[in-house]
Structure formats: C-alpha cells, structure tokens
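S.K.: File input.txt below, compact mmCIF, C-alpha atoms:
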# COMPACT_ATOMS: atom_id res chain seq x y z
CA GLY A 1 -11.77 -3.20 -102.49
CA MET A 2 -11.10 -2.75 -106.19
CA PRO A 3 -7.51 -3.13 -107.37
CA GLY A 4 -5.76 0.21 -107.60
CA ALA A 5 -8.36 1.90 -105.39
CA PRO A 6 -6.99 4.25 -102.71
CA PRO A 7 -6.72 2.78 -99.21
CA PRO A 8 -9.77 3.28 -97.01
CA PRO A 9 -9.66 6.28 -94.70
CA PRO A 10 -8.31 5.59 -91.20
CA PRO A 11 -10.99 4.72 -88.65
CA PRO A 12 -12.36 7.63 -86.58
CA GLY A 13 -10.72 8.09 -83.22
CA GLY A 14 -7.34 6.92 -84.49
CA ALA A 15 -4.21 7.70 -82.53
CA ARG A 16 -3.18 10.53 -84.88
CA ARG A 17 -6.45 12.43 -84.63
CA GLY A 18 -6.29 15.84 -83.04
CA LEU A 19 -2.51 16.11 -82.94
CA VAL A 20 -1.98 18.64 -85.73
CA ASN A 21 -0.83 22.26 -85.36
CA LYS A 22 0.23 22.28 -81.72
CA ARG A 23 0.45 25.66 -80.00
CA MET A 24 1.20 26.70 -76.48
CA SER A 25 -1.36 28.68 -74.55
CA LEU A 26 -1.75 30.13 -71.13
CA TYR A 27 -3.42 26.88 -70.11
CA GLY A 28 -0.93 24.51 -71.68
CA GLU A 29 -0.67 22.95 -75.10
CA LEU A 30 -3.39 23.50 -77.71
CA SER A 31 -4.20 21.06 -80.49
CA ARG A 32 -6.71 21.10 -83.30
CA VAL A 33 -9.29 18.52 -82.26
CA GLN A 34 -11.15 17.04 -85.23
CA ALA A 35 -13.96 15.72 -83.00
CA VAL A 36 -14.98 19.30 -82.19
CA ILE A 37 -15.30 20.13 -85.88
CA ASP A 38 -17.21 16.89 -86.57
CA GLU A 39 -19.62 17.58 -83.74
CA PHE A 40 -20.21 21.14 -84.94
CA GLN A 41 -20.97 19.89 -88.47
CA ARG A 42 -23.32 17.26 -87.06
CA ILE A 43 -25.31 19.89 -85.16
CA ARG A 44 -25.41 22.05 -88.28
CA ARG A 45 -26.88 19.19 -90.28
CA GLU A 46 -29.45 18.48 -87.58
CA ASN A 47 -30.53 22.11 -87.60
CA LEU A 48 -30.90 22.02 -91.37
CA GLY A 49 -33.10 18.93 -90.96
CA ILE A 50 -30.72 16.59 -92.78
CA ASP A 51 -31.15 13.05 -91.50
CA GLU A 52 -27.89 11.34 -90.51
CA ASP A 53 -29.18 8.04 -91.98
CA GLU A 54 -29.92 9.62 -95.36
CA LEU A 55 -26.48 11.12 -95.33
CA THR A 56 -24.73 7.81 -94.68
CA GLY A 57 -26.96 5.99 -97.17
CA GLY A 58 -28.77 3.93 -94.51
CA LYS A 59 -32.56 3.54 -94.47
CA PHE A 60 -33.93 6.13 -96.83
CA GLY A 61 -36.53 8.65 -95.79
CA GLY A 62 -37.35 7.28 -92.35
CA LYS A 63 -40.14 9.53 -91.11
CA GLY A 64 -40.41 10.97 -94.60
CA ALA A 65 -39.14 14.45 -95.26
CA GLY A 66 -42.64 15.91 -95.58
CA ALA A 67 -43.88 14.67 -92.22
CA GLY A 68 -40.75 15.84 -90.48
CA SER A 69 -40.97 19.37 -91.81
CA LYS A 70 -44.71 19.62 -91.01
CA ASP A 71 -44.04 18.67 -87.39
CA ASP A 72 -41.16 21.10 -87.30
CA MET A 73 -43.40 23.87 -88.59
CA LEU A 74 -46.04 23.18 -85.98
CA ASP A 75 -43.40 23.14 -83.26
CA GLU A 76 -41.97 26.37 -84.53
CA LEU A 77 -45.38 28.06 -84.61
CA LYS A 78 -46.12 26.85 -81.09
CA GLY A 79 -42.72 28.11 -79.97
CA ARG A 80 -43.26 31.46 -81.64
CA SER A 81 -46.69 32.00 -80.14
CA LYS A 82 -45.36 30.99 -76.72
CA HIS A 83 -42.50 33.45 -77.12
CA HIS A 84 -44.88 36.15 -78.32
CA SER A 85 -47.25 35.69 -75.41
CA GLN A 86 -44.25 36.04 -73.07
CA VAL A 87 -43.28 39.30 -74.78
CA ARG A 88 -46.89 40.55 -74.56
CA GLU A 89 -47.06 39.56 -70.90
CA GLU A 90 -43.82 41.39 -70.07
CA THR A 91 -44.91 44.46 -72.00
CA GLU A 92 -48.09 44.68 -69.92
CA LYS A 93 -46.23 43.96 -66.70
CA TYR A 94 -43.34 46.40 -67.20
CA GLY A 95 -45.08 48.93 -69.46
CA PRO A 96 -45.69 51.55 -66.74
CA MET A 97 -42.12 51.18 -65.43
CA LEU A 98 -40.70 51.52 -68.95
CA ASN A 99 -42.78 54.61 -69.70
CA GLN A 100 -41.58 56.22 -66.49
CA LEU A 101 -37.98 55.26 -67.28
CA GLY A 102 -38.30 56.67 -70.79
CA LYS A 103 -39.52 59.97 -69.35
CA GLU A 104 -36.51 60.12 -66.98
CA ILE A 105 -34.06 59.32 -69.80
CA ARG A 106 -35.54 62.11 -71.95
CA SER A 107 -35.30 64.77 -69.28
CA TYR A 108 -32.07 63.69 -67.54
CA GLN A 109 -29.36 66.36 -67.75
CA PRO A 110 -26.24 64.98 -66.05
CA SER A 111 -23.55 67.41 -64.88
CA GLY A 112 -20.70 65.02 -65.69
CA MET A 113 -19.89 61.70 -67.29
CA ASP A 114 -19.45 59.85 -63.98
CA ARG A 115 -23.05 60.75 -63.09
CA LEU A 116 -24.25 59.58 -66.49
CA VAL A 117 -22.43 56.25 -66.10
CA LYS A 118 -24.18 55.71 -62.76
CA PHE A 119 -27.58 56.68 -64.16
CA MET A 120 -27.13 54.38 -67.15
CA GLY A 121 -26.20 51.56 -64.77
CA LYS A 122 -29.65 51.89 -63.18
CA VAL A 123 -31.34 51.96 -66.60
CA GLU A 124 -29.48 48.81 -67.70
CA ALA A 125 -30.41 47.05 -64.46
CA ALA A 126 -34.09 47.83 -65.07
CA LEU A 127 -33.91 46.63 -68.69
CA ASP A 128 -32.21 43.42 -67.54
CA ALA A 129 -35.58 42.29 -66.18
CA LEU A 130 -36.82 41.84 -69.77
CA SER A 131 -36.24 38.53 -71.51
CA ASN A 132 -35.85 40.30 -74.85
CA GLU A 133 -35.36 44.05 -74.56
CA ARG A 134 -35.74 44.86 -78.27
CA GLU A 135 -38.97 42.91 -78.74
CA VAL A 136 -40.64 44.15 -75.56
CA LEU A 137 -39.85 47.76 -76.50
CA LYS A 138 -41.16 47.13 -80.03
CA GLU A 139 -44.38 45.71 -78.57
CA LEU A 140 -44.64 48.70 -76.21
CA ALA A 141 -44.44 51.06 -79.21
CA VAL A 142 -47.41 49.20 -80.75
CA LEU A 143 -49.50 49.16 -77.56
CA GLN A 144 -48.63 52.71 -76.44
CA PRO A 145 -47.17 54.76 -79.25
CA GLU A 146 -47.13 57.84 -76.99
CA PRO A 147 -44.73 59.00 -75.61
CA GLY A 148 -42.66 56.06 -76.94
CA TRP A 149 -39.28 54.78 -75.86
CA PRO A 150 -36.31 57.16 -76.50
CA ASP A 151 -34.30 54.50 -78.33
CA GLN A 152 -32.04 56.91 -80.22
CA ARG A 153 -31.05 58.75 -77.05
CA VAL A 154 -30.45 55.46 -75.25
CA ASP A 155 -28.16 54.28 -78.08
CA VAL A 156 -26.12 57.48 -77.98
CA ILE A 157 -25.84 57.39 -74.16
CA ARG A 158 -24.71 53.75 -74.35
CA GLU A 159 -22.06 54.68 -76.90
CA ALA A 160 -20.86 57.58 -74.74
CA VAL A 161 -20.68 55.42 -71.61
CA ALA A 162 -18.73 52.69 -73.44
CA LEU A 163 -16.26 55.17 -74.96
CA TYR A 164 -15.82 57.01 -71.66
CA THR A 165 -15.14 53.72 -69.87
CA ASP A 166 -12.60 52.61 -72.51
CA LEU A 167 -10.71 55.91 -72.57
CA SER A 168 -10.70 56.31 -68.78
CA SER A 169 -9.38 52.80 -68.32
CA LEU A 170 -6.63 53.29 -70.93
CA LYS A 171 -5.68 56.64 -69.45
CA LEU A 172 -5.40 55.05 -66.02
CA LYS A 173 -3.25 52.18 -67.32
CA LEU A 174 -0.92 54.47 -69.24
CA GLY A 175 -0.65 56.86 -66.32
CA SER A 176 0.05 54.18 -63.73
CA TRP A 177 2.49 52.11 -65.78
CA GLN A 178 4.91 52.43 -62.89
CA SER A 179 2.85 50.07 -60.75
CA GLN A 180 3.04 47.55 -63.62
CA GLU A 181 6.76 48.14 -64.06
CA GLN A 182 7.47 47.53 -60.37
CA ILE A 183 6.08 43.99 -60.45
CA MET A 184 7.53 42.92 -63.80
CA PRO A 185 10.81 41.04 -64.05
CA GLU A 186 13.35 42.44 -66.47
CA TYR A 187 13.01 39.64 -69.04
CA ASP A 188 9.24 40.26 -69.43
CA PHE A 189 9.05 43.98 -69.06
CA TYR A 190 10.20 45.20 -72.47
CA GLU A 191 8.17 42.74 -74.50
CA MET A 192 5.08 43.47 -72.39
CA SER A 193 5.60 47.22 -72.72
CA THR A 194 5.85 46.99 -76.48
CA LYS A 195 2.77 44.79 -76.77
CA PHE A 196 0.75 47.05 -74.50
CA MET A 197 1.74 50.19 -76.39
CA ASP A 198 0.88 48.61 -79.76
CA LYS A 199 -2.54 47.62 -78.46
CA ALA A 200 -3.26 50.96 -76.81
CA GLN A 201 -2.16 52.87 -79.87
CA ALA A 202 -4.28 50.77 -82.24
CA GLN A 203 -7.34 51.30 -80.03
CA LEU A 204 -6.78 55.06 -79.76
CA GLU A 205 -6.13 55.42 -83.49
CA LYS A 206 -9.41 53.68 -84.21
CA ILE A 207 -11.30 56.02 -81.87
CA ARG A 208 -9.54 59.00 -83.42
CA LEU A 209 -10.89 58.16 -86.90
CA THR A 210 -14.55 58.91 -86.07
CA TYR A 211 -14.04 61.08 -82.99
CA VAL A 212 -15.22 64.40 -84.49
CA ASP A 213 -18.54 62.94 -85.67
CA VAL A 214 -19.07 61.03 -82.45
CA ILE A 215 -18.61 64.19 -80.38
CA LYS A 216 -21.18 66.02 -82.53
CA LYS A 217 -23.66 63.22 -81.83
CA PHE A 218 -22.99 63.49 -78.08
CA LYS A 219 -23.44 67.27 -78.18
CA LYS A 220 -26.79 66.92 -79.94
CA GLU A 221 -28.04 64.71 -77.07
CA LYS A 222 -26.60 67.15 -74.49
CA ILE A 223 -24.16 64.58 -73.10
CA PRO A 224 -21.54 66.21 -70.84
CA TRP A 225 -18.56 65.01 -72.90
CA ASP A 226 -15.10 66.51 -72.45
CA PRO A 227 -13.80 66.75 -76.02
CA MET A 228 -10.22 66.79 -74.70
CA LEU A 229 -10.53 63.30 -73.21
CA LEU A 230 -9.05 61.58 -76.27
CA ASP A 231 -6.08 63.97 -76.51
CA HIS A 232 -5.44 63.68 -72.79
CA THR A 233 -5.48 59.89 -73.00
CA ILE A 234 -3.03 59.95 -75.91
CA GLN A 235 -0.79 62.37 -74.01
CA THR A 236 -0.72 60.08 -70.98
CA SER A 237 1.50 57.89 -73.20
CA LEU A 238 4.26 60.31 -72.16
CA LYS A 239 4.00 59.12 -68.57
CA TYR A 240 4.20 55.53 -69.79
CA CYS A 241 7.23 56.40 -71.93
CA GLU A 242 9.00 58.11 -69.01
CA VAL A 243 8.54 55.04 -66.79
CA THR A 244 9.84 52.73 -69.55
CA MET A 245 12.96 54.82 -70.25
CA ILE A 246 13.82 55.23 -66.56
CA ARG A 247 13.55 51.46 -66.23
CA ALA A 248 15.83 50.91 -69.25
CA ILE A 249 18.49 53.27 -67.88
CA ARG A 250 18.32 51.52 -64.49
CA ASP A 251 18.50 47.99 -65.94
CA VAL A 252 21.49 48.90 -68.09
CA ALA A 253 23.27 50.45 -65.10
CA SER A 254 22.78 47.31 -63.01
CA LEU A 255 23.98 45.07 -65.86
CA ARG A 256 27.11 47.20 -66.18
CA LYS A 257 27.84 46.88 -62.46
CA GLU A 258 28.32 43.11 -62.82
CA ALA A 259 31.94 42.12 -62.21
CA ASP A 260 31.77 39.49 -64.96
CA PHE A 261 30.27 41.42 -67.84
CA THR A 262 29.62 38.64 -70.32
CA TYR A 263 28.85 38.87 -74.01
CA GLU A 264 25.27 37.88 -73.18
CA MET A 265 24.99 40.91 -70.90
CA GLU A 266 26.39 43.10 -73.64
CA GLU A 267 23.72 41.80 -75.99
CA ARG A 268 21.03 42.25 -73.35
CA THR A 269 22.17 45.85 -72.83
CA ARG A 270 21.96 46.48 -76.54
CA ASN A 271 18.45 44.98 -76.75
CA ILE A 272 17.15 47.00 -73.80
CA LEU A 273 18.45 50.27 -75.21
CA GLU A 274 17.15 49.47 -78.66
CA THR A 275 13.66 48.72 -77.32
CA ALA A 276 13.71 51.96 -75.31
CA VAL A 277 14.60 53.92 -78.46
CA LYS A 278 11.87 52.26 -80.51
CA LEU A 279 9.22 52.81 -77.85
CA GLY A 280 10.37 56.38 -77.37
CA PHE A 281 10.06 57.00 -81.09
CA LYS A 282 6.62 55.37 -81.23
CA VAL A 283 5.27 57.53 -78.41
CA HIS A 284 6.93 60.64 -79.77
CA GLN A 285 5.26 60.21 -83.17
CA PHE A 286 1.92 59.25 -81.68
CA VAL A 287 1.69 62.13 -79.23
CA GLY A 288 3.31 64.55 -81.63
CA GLY A 289 6.39 65.35 -79.55
CA PHE A 290 8.02 64.92 -76.15
CA ASN A 291 7.82 66.82 -72.92
CA ARG A 292 11.08 67.97 -71.30
CA THR A 293 11.43 64.95 -68.99
CA ASN A 294 11.11 62.52 -71.88
CA GLU A 295 13.49 64.58 -73.98
CA LEU A 296 16.17 64.38 -71.27
CA LEU A 297 15.58 60.68 -70.69
CA PHE A 298 15.72 59.92 -74.39
CA THR A 299 18.99 61.88 -74.70
CA GLU A 300 20.44 59.72 -71.92
CA VAL A 301 19.24 56.49 -73.58
CA ALA A 302 20.83 57.61 -76.87
CA ARG A 303 24.09 58.46 -75.06
CA LEU A 304 24.19 55.03 -73.40
CA ARG A 305 23.60 53.40 -76.75
CA LYS A 306 26.48 55.29 -78.36
CA GLU A 307 28.71 54.31 -75.43
CA GLN A 308 27.56 50.71 -75.68
CA ILE A 309 28.42 50.52 -79.39
CA GLU A 310 31.88 52.04 -78.82
CA THR A 311 32.59 49.66 -75.92
CA ALA A 312 31.52 46.71 -78.06
CA LYS A 313 33.87 47.86 -80.83
CA GLU A 314 36.79 48.20 -78.42
CA ALA A 315 36.16 44.76 -76.98
CA GLY A 316 36.19 43.39 -80.52
CA LEU A 317 32.56 42.33 -80.33
CA VAL A 318 30.61 41.82 -83.52
CA MET A 319 28.91 45.04 -84.56
CA PRO A 320 25.24 45.17 -83.51
CA THR A 321 23.89 45.27 -87.06
CA LEU A 322 26.03 42.32 -88.09
CA ALA A 323 25.16 40.34 -84.97
CA ARG A 324 21.57 40.11 -86.05
CA MET A 325 22.21 39.26 -89.68
CA PRO A 326 22.15 35.52 -90.32
CA SER A 327 25.21 34.63 -92.36
CA ARG A 328 25.32 31.72 -94.79
CA GLY A 329 27.17 29.72 -92.21
CA GLY A 330 24.56 30.24 -89.48
CA ALA A 331 23.96 33.26 -87.25
CA ILE A 332 26.95 35.40 -86.44
CA GLY A 333 26.80 36.93 -83.05
CA SER A 334 25.59 35.64 -79.77
CA SER A 335 26.55 31.97 -80.03
CA ALA A 336 29.79 32.51 -81.95
CA ALA A 337 31.05 35.33 -79.78
CA ALA A 338 29.81 33.74 -76.57
CA SER A 339 31.57 30.50 -77.33
CA ALA A 340 34.70 32.45 -78.13
CA GLY A 341 34.40 33.74 -74.59
CA VAL A 342 34.43 37.42 -75.51
CA SER A 343 33.74 39.57 -72.50
CA ARG A 344 34.73 42.80 -70.85
CA ARG A 345 36.36 43.32 -67.44
CA GLN A 346 37.10 39.65 -67.31
CA SER A 347 40.38 37.72 -67.33
CA GLU A 348 41.06 36.43 -70.82
CA SER A 349 41.77 32.93 -69.46
CA ARG A 350 38.21 32.46 -68.17
CA PRO A 351 35.50 31.52 -70.63
CA ALA A 352 32.42 33.76 -70.65
CA ASP A 353 29.56 32.95 -68.29
CA VAL A 354 27.11 32.31 -71.03
CA GLY A 355 23.50 32.91 -70.05
CA LEU A 356 24.05 35.32 -67.17
CA GLY A 357 21.56 38.13 -67.24
CA SER A 358 20.61 37.23 -70.77
CA GLY A 359 16.99 36.75 -69.85
CA ALA A 360 16.97 33.89 -72.31
CA GLN A 361 13.72 34.19 -74.20
So that I can check it, write out the structure of this file as structure tokens.
M.R.:
Amino acid sequence: GMPGAPPPPPPPGGARRGLVNKRMSLYGELSRVQAVIDEFQRIRRENLGIDEDELTGGKFGGKGAGAGSKDDMLDELKGRSKHHSQVREETEKYGPMLNQLGKEIRSYQPSGMDRLVKFMGKVEAALDALSNEREVLKELAVLQPEPGWPDQRVDVIREAVALYTDLSSLKLKLGSWQSQEQIMPEYDFYEMSTKFMDKAQAQLEKIRLTYVDVIKKFKKEKIPWDPMLLDHTIQTSLKYCEVTMIRAIRDVASLRKEADFTYEMEERTRNILETAVKLGFKVHQFVGGFNRTNELLFTEVARLRKEQIETAKEAGLVMPTLARMPSRGGAIGSSAAASAGVSRRQSESRPADVGLGSGAQ
C-alpha cells in the first residue's frame, strides 16, 4: 500500500470477530455476532435491488439495472394478481360464512366476560381460515356492501378480551403469590418479588391511564365489563404484600436461630427487612393504604428492623447506612467486618463463618 496509509482491515472471520459485549443469558453466554449484522445488511441490499458486484466494484452493470427492474416489476405484478385472485377466491368461498358470523357478532349479548372470551375464541378460529383477514374482509365489503362486516365492534371486543385476560391473569398471580413463595429459595425470593411487583405495577399504571375512556367504549358496545376489575386487581397486591412480609419475618426468625450468627447473617437479615419495608411501602402507595393484616405485619417488620439495628450497634457492627457507603479506601462493611470476625453469640476466639446464610448473590 501507500506509505503512511492505515493498515488494511482484518480479514473477515478473524478470531476476534463476534467476541464483543459479552452478556449472560438464560441459555448461556451471549455475544454480539458481526456475521448476523452483515447477513442482515446483505439481505437489505438484495431487497433494494443493489447488486453485490456493483457494490464491490466488480463487473459493472451485469444484467443492466433497467432489465433487472423490468423483470422485477413483471414478477411483482404476477405476484400481486396471484395474491389478489386468492383473496377473491377466499371471499367467494367464505363469504356466506362471514356474513352469518357478522350477523351473530352484531346481535350477540353475552351475560359475562367469560362467555364473551369463549365466543370470541370461536370467531377467531373461523377467521384463522383466511390467508389475509383484512384483505378478504375489504373485498367482501366491495362485493357485498350489505350488511357489511362489523369491524368496529370486533375491534372493541378484541380489546376487551385482551384486557380482561391480562387483568385476570395478573390478579391470579398477585393473589396466589404464596404458591410462588413456597417454591422459591430464600436467595431468589426477594429479588424476584421486587421485579414482579415493578412489572405488575407498571402494567397496571399503564392500563389506569386510559381506563375511563376504554370503559366508555366497552359500554357503548354493550360489553359486560365489570368496571371494578382494575381496582380489584390493584388491591390484590395486598395479598401479595402479606405473603412477602410473612416470608420476611419467617426468614429473619430462622436466621436468628442459628447458633453461629455471623456478620453475613446479620447483613442478610438487614437486607431482607429492608426489602420487606420497601415492598410494603410500594404496595401501600400503589393501593392507597393497607388492610389490617398488612398493617400488623408491617409493624412487626419495622420492630424487627429497629431491634436489628440496636443489636448491630451493641455488637459493634458498622452502622447499616455506613456499611453500604463505599469509602475512599474500598467498601466498609461486609468484607472488613467479616474478616475481623465480628459476630454475635459466638466465642470471640473463633473467626466468623463467612458466607453462611449470606445467599451470596
């Protein structure tokens, strides 16, 4: 090459390719694979009709741009007419069925949402027979404008069914959090609970934003919607909260029972109680208050926390706030105190059992 020119790029497929930005996933390690991006770009160019040879400065023109695009146009027209004749064919074949279905959808007055979900399941199954629902229905409107397909009603019913399914499923999950709690080990439970609550809350908040207008729409189409469903789902967070706080109280009690109560266990206790307080607060604000059970449980969590802080002080442990503040000389807290062997109910001569019950993350 020319003197002073930059070195040529490394050849494709080099050893370093695809080893940037590693992340762990459920299925193992993830890497950014350049070949995937290259292939995607290649397909994009093909679709735009850009010749690879032209791009790399090889033989110019080849088939000639004009010829290529003419052929493409013919192919496209053939494809379109083939597609259109399929739509026409389906419209004639399913027309009577669709007209009948449209009549049923117009007159159907379900007594409850579960019935409507079932009915809509049958409608969707019938529409699944069409290769392109929207186009066949459009064609039907041209061929038989009367009575026409009730597209607006179908859209609103679909929206109602989707919302009902989402809310019912969330309500069930929140209300049966105990069955989740029973199968979750202590080191996963609190993180999972927090993640789940964040997700549920975000979803419910989003629904809440447009809920009033959505209900009006449902009412207009005489959909048997229970307007309290959203509130009831939000309130089921209280059941979730109760389960989480009971679990926290129980986990702390079993940590305290350990004969060798290490610094790590002390820290674990503090983390559990802190998470319980944060989740309790989150639910309290979201629901707009607590029921009696949650109030009592929260009082107990707060009492345990106060006790835990006092015990830590007595034992000469670093104060909780300080423990989490990185100092200039590295983090104060867990490692420093653990290596100093600070522990409670433990002979001073024995070093702390670091790592016991810590649920090392």
S.K.: Using all atoms listed in the file for the distances, tell me which of A:Ile215, A:Thr269, A:Leu296, A:Tyr108 is nearest to A:Thr311.
M.R.: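 Under the stated criterion, the closest residue is A:Thr269.
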S.K.: Between A:Val277, A:Met265, A:Val156, A:Ile249, single out the one closest to A:Leu116, counting all atoms listed in the file.
M.R.: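 Nearest candidate to A:Leu116 out of A:Val277, A:Met265, A:Val156, A:Ile249: A:Val156.
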S.K.: As an exercise, work out the distance from atom CA of A:Gln109 to atom CA of A:Val154 in Å and give it to one decimal place.
M.R.: 13.3 Å
S.K.: Would you pick out the contacts of A:Asp226 at 10 Å or less, using all atoms listed in the file, so that residues sharing its chain but fewer than 4 positions from it are not included, and give the list as a list in words?
M.R.: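 So, after excluding close chain neighbours, the residues are Gly112, Met113, Tyr164, Ile215 and Leu230 of chain A.
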S.K.: Could you pull the residues within 10 Å of stretch 121-135 of chain A, counting only C-alpha atoms, minus those fewer than 4 positions along the same chain, as a PDB file with C-alpha atoms, keeping the file's coordinate frame?
M.R.:
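Produced file out.pdb, reproduced below:
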ATOM      1  CA  HIS A  83     -42.500  33.450 -77.120  1.00  0.00           C
ATOM      2  CA  HIS A  84     -44.880  36.150 -78.320  1.00  0.00           C
ATOM      3  CA  GLN A  86     -44.250  36.040 -73.070  1.00  0.00           C
ATOM      4  CA  VAL A  87     -43.280  39.300 -74.780  1.00  0.00           C
ATOM      5  CA  ARG A  88     -46.890  40.550 -74.560  1.00  0.00           C
ATOM      6  CA  GLU A  90     -43.820  41.390 -70.070  1.00  0.00           C
ATOM      7  CA  THR A  91     -44.910  44.460 -72.000  1.00  0.00           C
ATOM      8  CA  TYR A  94     -43.340  46.400 -67.200  1.00  0.00           C
ATOM      9  CA  MET A  97     -42.120  51.180 -65.430  1.00  0.00           C
ATOM     10  CA  LEU A  98     -40.700  51.520 -68.950  1.00  0.00           C
ATOM     11  CA  LEU A 101     -37.980  55.260 -67.280  1.00  0.00           C
ATOM     12  CA  GLY A 102     -38.300  56.670 -70.790  1.00  0.00           C
ATOM     13  CA  GLU A 104     -36.510  60.120 -66.980  1.00  0.00           C
ATOM     14  CA  ILE A 105     -34.060  59.320 -69.800  1.00  0.00           C
ATOM     15  CA  ARG A 115     -23.050  60.750 -63.090  1.00  0.00           C
ATOM     16  CA  LEU A 116     -24.250  59.580 -66.490  1.00  0.00           C
ATOM     17  CA  VAL A 117     -22.430  56.250 -66.100  1.00  0.00           C
ATOM     18  CA  GLU A 139     -44.380  45.710 -78.570  1.00  0.00           C
ATOM     19  CA  LEU A 140     -44.640  48.700 -76.210  1.00  0.00           C
ATOM     20  CA  ALA A 141     -44.440  51.060 -79.210  1.00  0.00           C
ATOM     21  CA  ASP A 151     -34.300  54.500 -78.330  1.00  0.00           C
ATOM     22  CA  VAL A 154     -30.450  55.460 -75.250  1.00  0.00           C
ATOM     23  CA  ARG A 158     -24.710  53.750 -74.350  1.00  0.00           C
ATOM     24  CA  VAL A 161     -20.680  55.420 -71.610  1.00  0.00           C
TER      25      VAL A 161
END
S.K.: Counting all atoms listed in the file, which residues have an atom no more than 7 Å from (25.4, 48.2, -75.4) in the file's coordinates? Please list them as a compact mmCIF listing (two decimals) with C-alpha atoms, in the frame of the given file.
M.R.:
# COMPACT_ATOMS: atom_id res chain seq x y z
CA GLU A 266 26.39 43.10 -73.64
CA GLU A 267 23.72 41.80 -75.99
CA THR A 269 22.17 45.85 -72.83
CA ARG A 270 21.96 46.48 -76.54
CA ARG A 305 23.60 53.40 -76.75
CA GLU A 307 28.71 54.31 -75.43
CA GLN A 308 27.56 50.71 -75.68
CA ILE A 309 28.42 50.52 -79.39
CA ALA A 312 31.52 46.71 -78.06
S.K.: Between atom CA of A:Thr262 and atom CA of A:Thr299, what is the spacing in Å?
M.R.: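 Between atom CA of A:Thr299 and atom CA of A:Thr262 the gap works out to 25.9 Å.
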S.K.: Kindly indicate which residue among A:Arg80, A:Arg106, A:Lys206, A:Lys173 lies nearest to A:Ser237, using only C-alpha atoms for the distances.
M.R.: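 Counting only C-alpha atoms, the residue closest to A:Ser237 is A:Lys173.
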S.K.: Which value, in Å to one decimal, gives the distance between atom CA of A:Ala200 and atom CA of A:Glu159?
M.R.: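 Straight-line distance from atom CA of A:Ala200 to atom CA of A:Glu159 works out to 19.2 Å.
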S.K.: So, counting all atoms listed in the file, which residue among A:Val136, A:Ile207, A:Leu172, A:Cys241 is closest to A:Lys282?
M.R.: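 Ranked by minimum distance to A:Lys282, first place goes to A:Cys241.
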S.K.: Find the residues around A:Glu191 up to 12 Å (all atoms listed in the file counted), leave out those fewer than 3 positions away in its own chain, and share them as a ChimeraX atom specification.
M.R.: /A:181,184-188,194-198,244,271-272,274-276,278-279,359,361
S.K.: Just checking: using all atoms listed in the file, which residue out of A:Phe281, A:Phe218, A:Phe119, A:Phe189 ends up closest to A:Ala302?
M.R.: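 Closest residue, counting all atoms listed in the file: A:Phe281.
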S.K.: Using only C-alpha atoms, which residue out of A:Leu48, A:Leu167, A:Leu143, A:Ala315 lies closest to A:Glu89?
M.R.: A:Leu143
